[in-house]
Each structure stands twice: as structure tokens, then as C-alpha cells.
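Okay, structure first, notes after.
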Amino acid sequence: MTRRSLSLAVLLSASLAGCMTLPRTPDLTRKSAQSGAALTEKDIFEVKRPLPQVADAFQRKAPECLSKRVTGRWMENGVMRRQVRAYKPTVNVSKEHVELILQSRIVEGSTELGGIPPDGWYIVVADAYPVDRNTTRVELYKHAIGHSIVLKAIKGWATGANMGCPDLTQT
Amino acid sequence: MKIAVLLLVALASGCSGERAYRSELPANLAVTAKTSGSLLSSVGARLHVYDVGPGCKATYRGTVELGGSRTEVGVPAGSPSYLVFEFPRFSLIARSTTHFETLLTPRPGYRYDLEASYADDLYGATIYERPPAGKTRREVASRPLTACGL
């Protein structure tokens with residue numbers, strides 16, 4: 001069993017046990033990460049780049065890197081299992097705020113319970129606000145098992161230090 | 001797009017009659033790949049080349065195995081090619097593959113440097129264009145297959 005499928009199994013078990021839920025709105029992702037809930041992560045920092053530059057990076061890289069379907073395969077009791085997870089990024093841009101939202105859901109191989117939104121749970125939210133003409137404050141929030149590499153990638157896009165895509169097969 | 005996805009799926013499943021990319025065209029792409037795995041895993045790099053026809057129909061032409069050294073290949077100038085970098089990752093317990101795709105329409109006489117990389121679970125490819133007599137190069141933005149008619 002891969003790290004990914006193990007994570008999914010743990011996630012499914014925990015969900016079925018009713019001890020956790022994944023966020024159904026971007027605001028819930030922000031709030032749960034701000035409160036330090038389980039499975040959450042946050043990273044808040046400033047970059048010496050104007051907001052439009054950060055917005056441009058998000059608009060360019062999000063569809064290129066995050067609009068993906070990831071197939072996981074593993075052996076279970078001698079049977080090869082297969083599961084496909086779809087990711088959908090959305091970038092909203094205004095003068096005072098840029099947000100990058102990443103949704104994710106399983107589309108083949110098993111069924112997720114719990115009133116999942118049409119395009120999936122809101123697992124990552126990135127907010128960017130102007131501090132001054134040349135400085136932008138970036139707030140990254142995650143509420144999901146794994147996926148830290150997504151935050152790392154978005155941070156690279158925001159700072160301009162690394163424009164690489166996160167390998168979603170390793171989350 | 002659907003055809004390209006089907007081809008990718010077929011490639012991934014290893015049943016597509018995958019073949020080495022061969023071309024009599026003058027080399028206009030110089031491809032390098034830098035990959036790094038970990039103690040327990042290794043990462044490779046390959047480049048799948050597709051011709052793109054009317055309606056953004058992609059036709060598989062072949063695969064270039066990328067090692068540590070620079071590889072030169074020729075693709076048709078003046079018409080779009082769909083380039084799919086594949087990064088297969090092998091570990092003791094699993095195998096996974098991730099892709100970076102881009103459309104490229106090489107200009108006649110121009111040369112292109114394609115620099116692919118995979119490190120620390122981040123991957124990508126950057127394309128630089130060099131004019132016929134120029135020494136300076138400029139970065140070319142990646143484009144999805146659906147942009148073939150634009």
C-alpha cells in the first residue's frame with residue numbers, strides 16, 4: 001500500500017468514525033487552520049512583490065499544475081485496487097485580494113461520504129493582500145491529510161523562488 | 001484533448017506500442033533533465049512528442065529517454081507540437097508518474113532549450129527560445145493543448 005492509499009484509508013476510517021470532517025467552504029478551511037485543528041497547516045509570510053505579480057503567478061501556475069487527476073493503485077488482499085482523485089483550482093482576483101482555492105474529491109474507485117461539495121472538499125486556500133505597492137502578505141491554509149507539498153509550491157509561486165508544480169502523486 | 005488523454009493513459013499502461021522518437025528534421029530542441037529522488041526512491045525523465053493537427057488532435061510520434069546529458073531532437077517548425085514530460089518515480093513499495101505538458105510551435109530558424117526538472121516533489125519544465133543569430137534567449141510560456149488554435 002502506498003503512502004497515498006494509506007492516507008486515504010486513514011482518512012476514510014476517521015470520516016466514518018465521525019471524528020472529523022473536511023471543509024465544505026473556503027472559509028471553513030481558513031478558520032480551522034487558524035484555530036490549529038487536526039490535519040491543518042498554515043503559513044503566513046510577506047513577499048517583496050506587488051499583488052498583481054502574485055496574482056499573475058497564481059493565474060498562470062494554478063491551472064497548469066493543479067488541474068489534475070491522480071490515479072493511485074495498491075494491492076489489497078491480493079486484489080489490485082485503483083482510485084482516481086480529481087483536483088480543481090480556482091483563482092479569484094480583485095484589487096485588494098487574490099485567492100487561490102484548491103478542491104479535491106475522489107471520482108473513481110470509492111465513494112466519499114458526508115455531503116461533499118460538487119467539485120470536492122476545500123483542501124487548500126491561499127490568500128494574498130497588498131501591504132504596500134511592492135509588498136504582498138500571503139496566507140496559506142490547508143485542511144487535509146498530506147498535501148504540504150501544495151503549500152510549498154504555492155509559496156514558491158508567490159515568492160517567485162520556485163515555479164515548480166507539486167507532485168500530487170506524493171501527497 | 002480527449003485523444004491526448006487517451007494516448008497518455010495508453011502510454012501509462014504500457015500497451016500503446018511506445019517507440020523511440022525519430023526525426024530527420026534538423027535538431028531545433030535541446031532537452032536537458034535534472035532529477036533527484038531520495039534514499040528510497042529514484043526519479044526518471046522522458047519526453048513524449050505529439051504532432052498536433054486540426055481540431056487540436058494530437059498524434060503520438062515517439063518518446064525521448066532523457067538522461068543526465070543534453071539531448072537534441074528535431075520537431076517540425078511552423079506547426080504545433082505537444083510535448084509531454086513524464087517523470088516516473090520508483091520506490092521500494094510503489095511506482096508513480098507525473099506529467100508536465102505544453103504546446104510548442106517552433107519558429108523556423110529558431111532553437112529551443114527545454115529544461116525539465118524534478119526535485120523535492122516539485123517538477124516542471126522551462127522552455128527558452130533563441131533567435132537564429134542571437135545569443136540571448138527568452139522564456140516561452142507553457143500552453144495547454146486546447147490553445148492550439150490560438
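Labels used: A, B, ... for chains in the order of the C-alpha cells, numbers from 1 for residues in each chain, and numbers from 1 for ligands as shown.
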Task: chain A contacts to chain B at 9 Å (only C-alpha atoms) as a ChimeraX atom specification - done: /A:1-3,64-65,70-74,149,152-153,162-170
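Here the DSSP assignment of alpha helix (DSSP H), based on backbone atoms, applies within chain B to Lys2, Ile3, Ala4, Val5, Leu6, Leu7, Leu8, Val9, Ala10, Leu11, Ala12 and Ser13 of chain B.
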Can you write just those residues out, C-alpha atoms, as a compact mmCIF listing (two decimals), in the first residue's frame?
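So the final result, stored in out.txt, reads:
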```txt
# COMPACT_ATOMS: atom_id res chain seq x y z
CA LYS B 2 -9.56 13.72 -25.10
CA ILE B 3 -7.36 11.96 -27.62
CA ALA B 4 -4.23 13.17 -25.89
CA VAL B 5 -5.53 12.00 -22.56
CA LEU B 6 -6.36 8.62 -24.05
CA LEU B 7 -2.89 8.42 -25.51
CA LEU B 8 -1.36 9.32 -22.17
CA VAL B 9 -3.41 6.68 -20.45
CA ALA B 10 -2.38 4.17 -23.07
CA LEU B 11 1.25 5.16 -22.62
CA ALA B 12 0.99 4.83 -18.88
CA SER B 13 -0.49 1.40 -19.17
```
Open item on the list: Residues of range 29-120 of chain A classed as strand (DSSP E or B) by DSSP on the backbone are to be reported as number ranges by chain.
Closed with: A: 40-47, 69-76, 79-93, 98-108
Print the selection's residues with N, CA and C atoms to a file, as a short mmCIF file (atom, residue, chain, number, x, y, z; two decimals), in the first residue's frame.
```
data_model
loop_
_atom_site.label_atom_id
_atom_site.label_comp_id
_atom_site.auth_asym_id
_atom_site.auth_seq_id
_atom_site.Cartn_x
_atom_site.Cartn_y
_atom_site.Cartn_z
N THR A 40 -4.57 20.32 9.88
CA THR A 40 -4.45 21.62 9.23
C THR A 40 -3.00 22.11 9.28
N GLU A 41 -2.75 23.10 8.47
CA GLU A 41 -1.42 23.71 8.41
C GLU A 41 -1.61 25.12 7.91
N LYS A 42 -0.80 26.05 8.39
CA LYS A 42 -0.86 27.41 7.84
C LYS A 42 0.55 27.97 7.71
N ASP A 43 0.69 28.89 6.80
CA ASP A 43 1.98 29.54 6.58
C ASP A 43 1.67 30.97 6.15
N ILE A 44 2.09 31.92 6.95
CA ILE A 44 1.80 33.33 6.66
C ILE A 44 3.11 34.08 6.53
N PHE A 45 3.25 34.81 5.43
CA PHE A 45 4.52 35.49 5.17
C PHE A 45 4.29 36.67 4.23
N GLU A 46 5.31 37.51 4.10
CA GLU A 46 5.23 38.64 3.17
C GLU A 46 6.27 38.47 2.07
N VAL A 47 5.91 38.92 0.88
CA VAL A 47 6.86 38.86 -0.23
C VAL A 47 7.06 40.26 -0.78
N ARG A 69 -5.86 14.98 -12.47
CA ARG A 69 -6.46 13.76 -11.94
C ARG A 69 -5.31 12.83 -11.57
N VAL A 70 -5.34 12.32 -10.39
CA VAL A 70 -4.25 11.48 -9.90
C VAL A 70 -4.78 10.09 -9.63
N THR A 71 -4.12 9.11 -10.22
CA THR A 71 -4.53 7.72 -10.04
C THR A 71 -3.62 7.02 -9.04
N GLY A 72 -4.23 6.40 -8.06
CA GLY A 72 -3.47 5.62 -7.09
C GLY A 72 -3.81 4.14 -7.26
N ARG A 73 -2.80 3.29 -7.17
CA ARG A 73 -3.03 1.84 -7.27
C ARG A 73 -2.32 1.17 -6.11
N TRP A 74 -2.97 0.17 -5.54
CA TRP A 74 -2.33 -0.57 -4.48
C TRP A 74 -2.96 -1.96 -4.38
N MET A 75 -2.23 -2.85 -3.74
CA MET A 75 -2.74 -4.21 -3.56
C MET A 75 -3.47 -4.30 -2.23
N GLU A 76 -4.64 -4.94 -2.25
CA GLU A 76 -5.38 -5.12 -1.01
C GLU A 76 -5.93 -6.54 -1.01
N VAL A 79 -5.81 -8.19 -4.27
CA VAL A 79 -6.56 -7.59 -5.37
C VAL A 79 -6.00 -6.19 -5.65
N MET A 80 -5.79 -5.89 -6.93
CA MET A 80 -5.28 -4.56 -7.28
C MET A 80 -6.43 -3.55 -7.19
N ARG A 81 -6.26 -2.55 -6.38
CA ARG A 81 -7.27 -1.50 -6.22
C ARG A 81 -6.80 -0.25 -6.93
N ARG A 82 -7.76 0.53 -7.41
CA ARG A 82 -7.45 1.74 -8.16
C ARG A 82 -8.38 2.84 -7.71
N GLN A 83 -7.82 4.03 -7.55
CA GLN A 83 -8.64 5.16 -7.12
C GLN A 83 -8.16 6.41 -7.85
N VAL A 84 -9.11 7.20 -8.32
CA VAL A 84 -8.75 8.43 -9.04
C VAL A 84 -9.25 9.63 -8.25
N ARG A 85 -8.37 10.55 -8.01
CA ARG A 85 -8.72 11.78 -7.29
C ARG A 85 -8.59 12.96 -8.25
N ALA A 86 -9.62 13.80 -8.28
CA ALA A 86 -9.59 14.98 -9.16
C ALA A 86 -9.33 16.23 -8.33
N TYR A 87 -8.51 17.12 -8.87
CA TYR A 87 -8.21 18.40 -8.23
C TYR A 87 -8.73 19.52 -9.11
N LYS A 88 -9.35 20.52 -8.48
CA LYS A 88 -9.85 21.66 -9.24
C LYS A 88 -9.40 22.97 -8.58
N PRO A 89 -8.52 23.71 -9.25
CA PRO A 89 -8.12 25.00 -8.70
C PRO A 89 -9.01 26.13 -9.21
N THR A 90 -9.19 27.15 -8.38
CA THR A 90 -9.92 28.36 -8.78
C THR A 90 -9.12 29.56 -8.28
N VAL A 91 -8.93 30.55 -9.14
CA VAL A 91 -8.23 31.77 -8.72
C VAL A 91 -9.19 32.94 -8.91
N ASN A 92 -9.42 33.68 -7.84
CA ASN A 92 -10.26 34.88 -7.89
C ASN A 92 -9.40 36.10 -7.61
N VAL A 93 -9.50 37.09 -8.48
CA VAL A 93 -8.63 38.26 -8.36
C VAL A 93 -9.47 39.53 -8.26
N VAL A 98 -6.41 38.46 -3.59
CA VAL A 98 -6.30 37.36 -4.55
C VAL A 98 -6.45 36.08 -3.77
N GLU A 99 -7.30 35.19 -4.24
CA GLU A 99 -7.40 33.90 -3.55
C GLU A 99 -7.26 32.75 -4.54
N LEU A 100 -6.54 31.76 -4.08
CA LEU A 100 -6.38 30.52 -4.85
C LEU A 100 -7.01 29.42 -4.00
N ILE A 101 -7.99 28.76 -4.57
CA ILE A 101 -8.70 27.71 -3.83
C ILE A 101 -8.46 26.38 -4.54
N LEU A 102 -8.16 25.35 -3.77
CA LEU A 102 -7.99 24.03 -4.37
C LEU A 102 -9.01 23.07 -3.76
N GLN A 103 -9.80 22.47 -4.64
CA GLN A 103 -10.78 21.47 -4.21
C GLN A 103 -10.33 20.10 -4.68
N SER A 104 -10.76 19.09 -3.97
CA SER A 104 -10.35 17.73 -4.31
C SER A 104 -11.43 16.74 -3.93
N ARG A 105 -11.63 15.76 -4.81
CA ARG A 105 -12.57 14.68 -4.48
C ARG A 105 -12.18 13.41 -5.22
N ILE A 106 -12.61 12.30 -4.68
CA ILE A 106 -12.39 11.02 -5.34
C ILE A 106 -13.46 10.85 -6.41
N VAL A 107 -13.05 10.57 -7.63
CA VAL A 107 -14.02 10.45 -8.72
C VAL A 107 -14.17 9.02 -9.24
N GLU A 108 -13.24 8.16 -8.88
CA GLU A 108 -13.35 6.75 -9.28
C GLU A 108 -12.72 5.89 -8.20
#
```
- [ ] Could you please determine the separation between CA of Glu139 in chain A and CA of Ala158 in chain A in Å, to one decimal place?
- [x] 10.3 Å
Taking 3 positions as the minimum chain separation for residues in the same chain, which residues sit within 12 Å of Leu150 in chain B when counting only C-alpha atoms? Answer as a PDB file with C-alpha atoms, in the first residue's frame.
```pdb
ATOM      1  CA  PRO B  54      -6.689  20.345 -36.976  1.00  0.00           C
ATOM      2  CA  GLY B  55      -9.079  20.465 -34.048  1.00  0.00           C
ATOM      3  CA  CYS B  56      -6.155  20.110 -31.629  1.00  0.00           C
ATOM      4  CA  PRO B  80       2.470  22.930 -33.172  1.00  0.00           C
ATOM      5  CA  LEU B 103       2.246  23.081 -26.614  1.00  0.00           C
ATOM      6  CA  LEU B 104       5.139  24.486 -28.627  1.00  0.00           C
ATOM      7  CA  THR B 105       5.128  25.943 -32.132  1.00  0.00           C
ATOM      8  CA  ARG B 143       0.431  26.495 -23.155  1.00  0.00           C
ATOM      9  CA  PRO B 144      -2.242  23.811 -22.873  1.00  0.00           C
ATOM     10  CA  LEU B 145      -3.191  21.656 -25.845  1.00  0.00           C
ATOM     11  CA  THR B 146      -6.517  23.461 -26.037  1.00  0.00           C
ATOM     12  CA  ALA B 147      -4.624  26.612 -27.063  1.00  0.00           C
TER      13      ALA B 147
END
```
With a distance cut-off of 12 Å and only C-alpha atoms, select the neighbouring residues of Ala37 in chain A, excluding the residue or stretch itself and same-chain residues fewer than 4 positions from it, and output the selection as a PDB file with all heavy atoms, in the first residue's frame.
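Result file is out.pdb:
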```pdb
ATOM      1  N   MET A  20     -14.051  13.509  12.389  1.00  0.00           N
ATOM      2  CA  MET A  20     -13.520  14.661  11.661  1.00  0.00           C
ATOM      3  C   MET A  20     -14.345  14.885  10.400  1.00  0.00           C
ATOM      4  O   MET A  20     -14.981  13.981   9.896  1.00  0.00           O
ATOM      5  CB  MET A  20     -12.072  14.426  11.255  1.00  0.00           C
ATOM      6  CG  MET A  20     -11.904  13.166  10.436  1.00  0.00           C
ATOM      7  SD  MET A  20     -10.368  13.102   9.553  1.00  0.00           S
ATOM      8  CE  MET A  20     -10.702  14.223   8.240  1.00  0.00           C
ATOM      9  N   THR A  21     -14.334  16.112   9.924  1.00  0.00           N
ATOM     10  CA  THR A  21     -14.946  16.401   8.627  1.00  0.00           C
ATOM     11  C   THR A  21     -14.004  17.311   7.878  1.00  0.00           C
ATOM     12  O   THR A  21     -13.257  18.080   8.476  1.00  0.00           O
ATOM     13  CB  THR A  21     -16.304  17.103   8.773  1.00  0.00           C
ATOM     14  OG1 THR A  21     -16.107  18.290   9.551  1.00  0.00           O
ATOM     15  CG2 THR A  21     -17.329  16.210   9.427  1.00  0.00           C
ATOM     16  N   LEU A  22     -14.057  17.200   6.574  1.00  0.00           N
ATOM     17  CA  LEU A  22     -13.259  18.098   5.758  1.00  0.00           C
ATOM     18  C   LEU A  22     -14.115  19.316   5.420  1.00  0.00           C
ATOM     19  O   LEU A  22     -15.346  19.239   5.413  1.00  0.00           O
ATOM     20  CB  LEU A  22     -12.800  17.370   4.493  1.00  0.00           C
ATOM     21  CG  LEU A  22     -11.747  16.285   4.752  1.00  0.00           C
ATOM     22  CD1 LEU A  22     -11.488  15.482   3.502  1.00  0.00           C
ATOM     23  CD2 LEU A  22     -10.461  16.882   5.264  1.00  0.00           C
ATOM     24  N   PRO A  23     -13.463  20.443   5.141  1.00  0.00           N
ATOM     25  CA  PRO A  23     -14.228  21.675   4.966  1.00  0.00           C
ATOM     26  C   PRO A  23     -15.035  21.722   3.669  1.00  0.00           C
ATOM     27  O   PRO A  23     -14.564  21.305   2.617  1.00  0.00           O
ATOM     28  CB  PRO A  23     -13.159  22.769   4.980  1.00  0.00           C
ATOM     29  CG  PRO A  23     -11.862  22.089   4.885  1.00  0.00           C
ATOM     30  CD  PRO A  23     -12.023  20.655   5.150  1.00  0.00           C
ATOM     31  N   LEU A  28     -14.247  27.783   5.963  1.00  0.00           N
ATOM     32  CA  LEU A  28     -14.032  26.748   6.981  1.00  0.00           C
ATOM     33  C   LEU A  28     -12.579  26.276   6.965  1.00  0.00           C
ATOM     34  O   LEU A  28     -12.013  25.961   8.009  1.00  0.00           O
ATOM     35  CB  LEU A  28     -14.973  25.563   6.745  1.00  0.00           C
ATOM     36  CG  LEU A  28     -16.420  25.773   7.195  1.00  0.00           C
ATOM     37  CD1 LEU A  28     -17.276  24.579   6.781  1.00  0.00           C
ATOM     38  CD2 LEU A  28     -16.479  25.966   8.703  1.00  0.00           C
ATOM     39  N   THR A  29     -11.992  26.224   5.774  1.00  0.00           N
ATOM     40  CA  THR A  29     -10.580  25.844   5.683  1.00  0.00           C
ATOM     41  C   THR A  29      -9.717  26.874   6.398  1.00  0.00           C
ATOM     42  O   THR A  29      -8.826  26.533   7.189  1.00  0.00           O
ATOM     43  CB  THR A  29     -10.154  25.752   4.196  1.00  0.00           C
ATOM     44  OG1 THR A  29     -11.007  24.830   3.540  1.00  0.00           O
ATOM     45  CG2 THR A  29      -8.711  25.298   4.062  1.00  0.00           C
ATOM     46  N   ARG A  30     -10.009  28.149   6.141  1.00  0.00           N
ATOM     47  CA  ARG A  30      -9.249  29.225   6.811  1.00  0.00           C
ATOM     48  C   ARG A  30      -9.408  29.124   8.330  1.00  0.00           C
ATOM     49  O   ARG A  30      -8.418  29.128   9.071  1.00  0.00           O
ATOM     50  CB  ARG A  30      -9.773  30.589   6.356  1.00  0.00           C
ATOM     51  CG  ARG A  30      -9.476  30.932   4.916  1.00  0.00           C
ATOM     52  CD  ARG A  30      -9.995  32.334   4.589  1.00  0.00           C
ATOM     53  NE  ARG A  30      -9.743  32.692   3.209  1.00  0.00           N
ATOM     54  CZ  ARG A  30     -10.668  32.614   2.236  1.00  0.00           C
ATOM     55  NH1 ARG A  30     -11.883  32.197   2.492  1.00  0.00           N
ATOM     56  NH2 ARG A  30     -10.340  32.956   0.993  1.00  0.00           N
ATOM     57  N   LYS A  31     -10.650  29.016   8.758  1.00  0.00           N
ATOM     58  CA  LYS A  31     -10.919  29.056  10.206  1.00  0.00           C
ATOM     59  C   LYS A  31     -10.318  27.862  10.927  1.00  0.00           C
ATOM     60  O   LYS A  31      -9.749  27.996  12.004  1.00  0.00           O
ATOM     61  CB  LYS A  31     -12.428  29.141  10.460  1.00  0.00           C
ATOM     62  CG  LYS A  31     -12.954  30.550  10.222  1.00  0.00           C
ATOM     63  CD  LYS A  31     -14.453  30.617  10.338  1.00  0.00           C
ATOM     64  CE  LYS A  31     -14.939  32.023   9.950  1.00  0.00           C
ATOM     65  NZ  LYS A  31     -16.371  32.032   9.591  1.00  0.00           N
ATOM     66  N   SER A  32     -10.463  26.688  10.326  1.00  0.00           N
ATOM     67  CA  SER A  32      -9.931  25.506  11.020  1.00  0.00           C
ATOM     68  C   SER A  32      -8.405  25.560  11.088  1.00  0.00           C
ATOM     69  O   SER A  32      -7.813  25.191  12.099  1.00  0.00           O
ATOM     70  CB  SER A  32     -10.409  24.216  10.347  1.00  0.00           C
ATOM     71  OG  SER A  32     -10.091  24.218   8.994  1.00  0.00           O
ATOM     72  N   ALA A  33      -7.772  26.065  10.032  1.00  0.00           N
ATOM     73  CA  ALA A  33      -6.298  26.171  10.064  1.00  0.00           C
ATOM     74  C   ALA A  33      -5.866  27.255  11.047  1.00  0.00           C
ATOM     75  O   ALA A  33      -4.863  27.099  11.759  1.00  0.00           O
ATOM     76  CB  ALA A  33      -5.770  26.467   8.668  1.00  0.00           C
ATOM     77  N   GLU A  41      -2.750  23.101   8.470  1.00  0.00           N
ATOM     78  CA  GLU A  41      -1.424  23.706   8.414  1.00  0.00           C
ATOM     79  C   GLU A  41      -1.610  25.117   7.906  1.00  0.00           C
ATOM     80  O   GLU A  41      -2.509  25.371   7.087  1.00  0.00           O
ATOM     81  CB  GLU A  41      -0.564  22.892   7.432  1.00  0.00           C
ATOM     82  CG  GLU A  41       0.919  23.209   7.460  1.00  0.00           C
ATOM     83  CD  GLU A  41       1.669  22.282   6.485  1.00  0.00           C
ATOM     84  OE1 GLU A  41       1.307  21.090   6.357  1.00  0.00           O
ATOM     85  OE2 GLU A  41       2.595  22.793   5.831  1.00  0.00           O
ATOM     86  N   LYS A  42      -0.799  26.050   8.389  1.00  0.00           N
ATOM     87  CA  LYS A  42      -0.857  27.407   7.845  1.00  0.00           C
ATOM     88  C   LYS A  42       0.549  27.967   7.707  1.00  0.00           C
ATOM     89  O   LYS A  42       1.472  27.542   8.414  1.00  0.00           O
ATOM     90  CB  LYS A  42      -1.721  28.312   8.710  1.00  0.00           C
ATOM     91  CG  LYS A  42      -1.155  28.597  10.079  1.00  0.00           C
ATOM     92  CD  LYS A  42      -2.048  29.530  10.857  1.00  0.00           C
ATOM     93  CE  LYS A  42      -1.504  29.688  12.275  1.00  0.00           C
ATOM     94  NZ  LYS A  42      -2.337  30.516  13.126  1.00  0.00           N
ATOM     95  N   TYR A 141      -3.404  28.203   3.793  1.00  0.00           N
ATOM     96  CA  TYR A 141      -4.104  27.323   4.722  1.00  0.00           C
ATOM     97  C   TYR A 141      -4.380  25.979   4.061  1.00  0.00           C
ATOM     98  O   TYR A 141      -4.737  25.923   2.888  1.00  0.00           O
ATOM     99  CB  TYR A 141      -5.449  27.929   5.133  1.00  0.00           C
ATOM    100  CG  TYR A 141      -5.333  29.300   5.755  1.00  0.00           C
ATOM    101  CD1 TYR A 141      -5.773  30.431   5.061  1.00  0.00           C
ATOM    102  CD2 TYR A 141      -4.787  29.463   7.019  1.00  0.00           C
ATOM    103  CE1 TYR A 141      -5.670  31.689   5.627  1.00  0.00           C
ATOM    104  CE2 TYR A 141      -4.681  30.722   7.594  1.00  0.00           C
ATOM    105  CZ  TYR A 141      -5.128  31.838   6.893  1.00  0.00           C
ATOM    106  OH  TYR A 141      -5.016  33.085   7.449  1.00  0.00           O
ATOM    107  N   LYS A 142      -4.242  24.927   4.837  1.00  0.00           N
ATOM    108  CA  LYS A 142      -4.526  23.581   4.327  1.00  0.00           C
ATOM    109  C   LYS A 142      -5.335  22.827   5.361  1.00  0.00           C
ATOM    110  O   LYS A 142      -5.086  22.955   6.573  1.00  0.00           O
ATOM    111  CB  LYS A 142      -3.192  22.855   4.078  1.00  0.00           C
ATOM    112  CG  LYS A 142      -3.292  21.374   3.840  1.00  0.00           C
ATOM    113  CD  LYS A 142      -1.924  20.753   3.707  1.00  0.00           C
ATOM    114  CE  LYS A 142      -1.348  20.270   5.014  1.00  0.00           C
ATOM    115  NZ  LYS A 142      -1.926  19.033   5.556  1.00  0.00           N
ATOM    116  N   HIS A 143      -6.315  22.071   4.893  1.00  0.00           N
ATOM    117  CA  HIS A 143      -7.041  21.187   5.797  1.00  0.00           C
ATOM    118  C   HIS A 143      -7.240  19.858   5.074  1.00  0.00           C
ATOM    119  O   HIS A 143      -8.226  19.648   4.379  1.00  0.00           O
ATOM    120  CB  HIS A 143      -8.392  21.778   6.188  1.00  0.00           C
ATOM    121  CG  HIS A 143      -9.076  20.998   7.274  1.00  0.00           C
ATOM    122  ND1 HIS A 143     -10.030  21.523   8.071  1.00  0.00           N
ATOM    123  CD2 HIS A 143      -8.906  19.718   7.702  1.00  0.00           C
ATOM    124  CE1 HIS A 143     -10.451  20.609   8.942  1.00  0.00           C
ATOM    125  NE2 HIS A 143      -9.785  19.495   8.724  1.00  0.00           N
ATOM    126  N   ALA A 144      -6.279  18.984   5.204  1.00  0.00           N
ATOM    127  CA  ALA A 144      -6.324  17.674   4.549  1.00  0.00           C
ATOM    128  C   ALA A 144      -5.129  16.870   5.025  1.00  0.00           C
ATOM    129  O   ALA A 144      -4.136  17.439   5.485  1.00  0.00           O
ATOM    130  CB  ALA A 144      -6.263  17.818   3.033  1.00  0.00           C
TER     131      ALA A 144
END
```
Open item on the list: I'd like the neighbourhood of Tyr110 in chain B as a list in words, where a residue qualifies if any of its atoms comes within 8 Å (using only C-alpha atoms), though same-chain residues fewer than 6 positions away should be ignored.
Closed with: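 That gives Asn28, Glu129, Arg130, Pro131 and Pro132 of chain B.
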Open item on the list: Can you tell me which residues surround Gly53 in chain B at a distance of at most 9 Å, considering only C-alpha atoms, apart from same-chain residues fewer than 2 positions away, and format the answer as a PyMOL selection string?
Closed with: chain B and resi 51+55-59+79-81+148
Range 54-78 of chain A near range 113-136 of chain A within 10 Å: what's each residue's closest atom pair and its distance in Å to one decimal, counting only C-alpha atoms, ordered by chain then ascending residue number, as a tab-separated table?
```
residue	atom	partner	partner_atom	distance
A:Val54	CA	A:Ala128	CA	7.7
A:Ala55	CA	A:Ala128	CA	8.1
A:Phe58	CA	A:Ala126	CA	9.4
```
Show me, as a compact mmCIF listing (two decimals) with N, CA, C and O atoms, in the first residue's frame, the residues that have an atom within 10 Å of range 66-72 of chain B when counting only C-alpha atoms, minus same-chain residues fewer than 2 positions from it.
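Output below, filename result10.txt:
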```txt
# COMPACT_ATOMS: atom_id res chain seq x y z
N PRO B 26 16.09 18.88 -38.93
CA PRO B 26 17.23 19.45 -38.20
C PRO B 26 16.89 19.66 -36.73
O PRO B 26 15.76 20.04 -36.41
N ALA B 27 17.86 19.36 -35.88
CA ALA B 27 17.59 19.48 -34.44
C ALA B 27 17.30 20.93 -34.07
O ALA B 27 18.12 21.81 -34.33
N ASN B 28 16.16 21.17 -33.51
CA ASN B 28 15.84 22.53 -33.04
C ASN B 28 15.47 22.57 -31.56
O ASN B 28 15.23 23.64 -31.02
N LEU B 29 15.43 21.42 -30.92
CA LEU B 29 15.19 21.38 -29.48
C LEU B 29 16.39 20.75 -28.79
O LEU B 29 16.85 19.69 -29.20
N ALA B 30 16.88 21.40 -27.76
CA ALA B 30 17.92 20.82 -26.91
C ALA B 30 17.29 20.58 -25.54
O ALA B 30 16.84 21.53 -24.88
N VAL B 31 17.21 19.32 -25.16
CA VAL B 31 16.46 18.97 -23.95
C VAL B 31 17.42 18.49 -22.86
O VAL B 31 18.27 17.63 -23.11
N THR B 32 17.26 19.05 -21.68
CA THR B 32 18.02 18.54 -20.53
C THR B 32 17.04 18.25 -19.40
O THR B 32 15.98 18.87 -19.30
N ALA B 33 17.39 17.29 -18.58
CA ALA B 33 16.53 16.95 -17.44
C ALA B 33 17.39 16.73 -16.21
O ALA B 33 18.40 16.03 -16.27
N LYS B 34 17.01 17.37 -15.14
CA LYS B 34 17.69 17.16 -13.86
C LYS B 34 16.67 16.59 -12.90
O LYS B 34 15.63 17.21 -12.65
N THR B 35 16.95 15.42 -12.38
CA THR B 35 16.01 14.82 -11.43
C THR B 35 16.76 14.36 -10.20
O THR B 35 17.93 13.99 -10.28
N GLY B 44 12.97 9.33 -12.89
CA GLY B 44 13.47 9.41 -14.24
C GLY B 44 12.80 10.56 -14.99
O GLY B 44 11.98 11.29 -14.43
N ALA B 45 13.15 10.70 -16.25
CA ALA B 45 12.51 11.74 -17.07
C ALA B 45 12.45 11.27 -18.51
O ALA B 45 13.41 10.66 -19.02
N ARG B 46 11.32 11.51 -19.16
CA ARG B 46 11.12 11.15 -20.56
C ARG B 46 10.33 12.25 -21.22
O ARG B 46 9.61 13.00 -20.54
N LEU B 47 10.45 12.33 -22.51
CA LEU B 47 9.68 13.33 -23.26
C LEU B 47 8.90 12.62 -24.36
O LEU B 47 9.49 11.97 -25.23
N THR B 63 8.94 8.78 -28.21
CA THR B 63 9.40 9.13 -26.87
C THR B 63 10.92 9.27 -26.83
O THR B 63 11.63 8.48 -27.44
N VAL B 64 11.38 10.29 -26.14
CA VAL B 64 12.81 10.52 -25.97
C VAL B 64 13.15 10.22 -24.52
O VAL B 64 12.57 10.80 -23.60
N GLY B 74 14.72 17.04 -33.41
CA GLY B 74 14.08 17.96 -34.35
C GLY B 74 12.58 17.75 -34.36
O GLY B 74 12.11 16.62 -34.44
N PHE B 85 6.29 15.91 -20.79
CA PHE B 85 7.38 15.40 -19.96
C PHE B 85 6.79 14.45 -18.93
O PHE B 85 5.83 14.79 -18.24
N GLU B 86 7.37 13.29 -18.84
CA GLU B 86 6.91 12.30 -17.88
C GLU B 86 8.01 12.08 -16.84
O GLU B 86 9.17 11.92 -17.21
N TYR B 112 15.44 25.98 -29.48
CA TYR B 112 14.73 25.98 -28.20
C TYR B 112 15.47 25.11 -27.18
O TYR B 112 15.91 24.00 -27.51
N ASP B 113 15.63 25.67 -26.00
CA ASP B 113 16.20 24.90 -24.88
C ASP B 113 15.05 24.49 -23.97
O ASP B 113 14.30 25.35 -23.49
N LEU B 114 14.93 23.21 -23.74
CA LEU B 114 13.89 22.70 -22.83
C LEU B 114 14.58 22.16 -21.59
O LEU B 114 15.38 21.22 -21.69
N GLU B 115 14.29 22.75 -20.45
CA GLU B 115 14.95 22.34 -19.22
C GLU B 115 13.90 21.77 -18.26
O GLU B 115 13.08 22.50 -17.71
N ALA B 116 13.93 20.46 -18.10
CA ALA B 116 12.96 19.79 -17.23
C ALA B 116 13.63 19.48 -15.90
O ALA B 116 14.83 19.21 -15.84
```
Task: Using only C-alpha atoms: which of B:Glu65, B:Val52, B:Val73, B:Phe90 has the shortest distance to Leu40 in chain B - done: B:Phe90
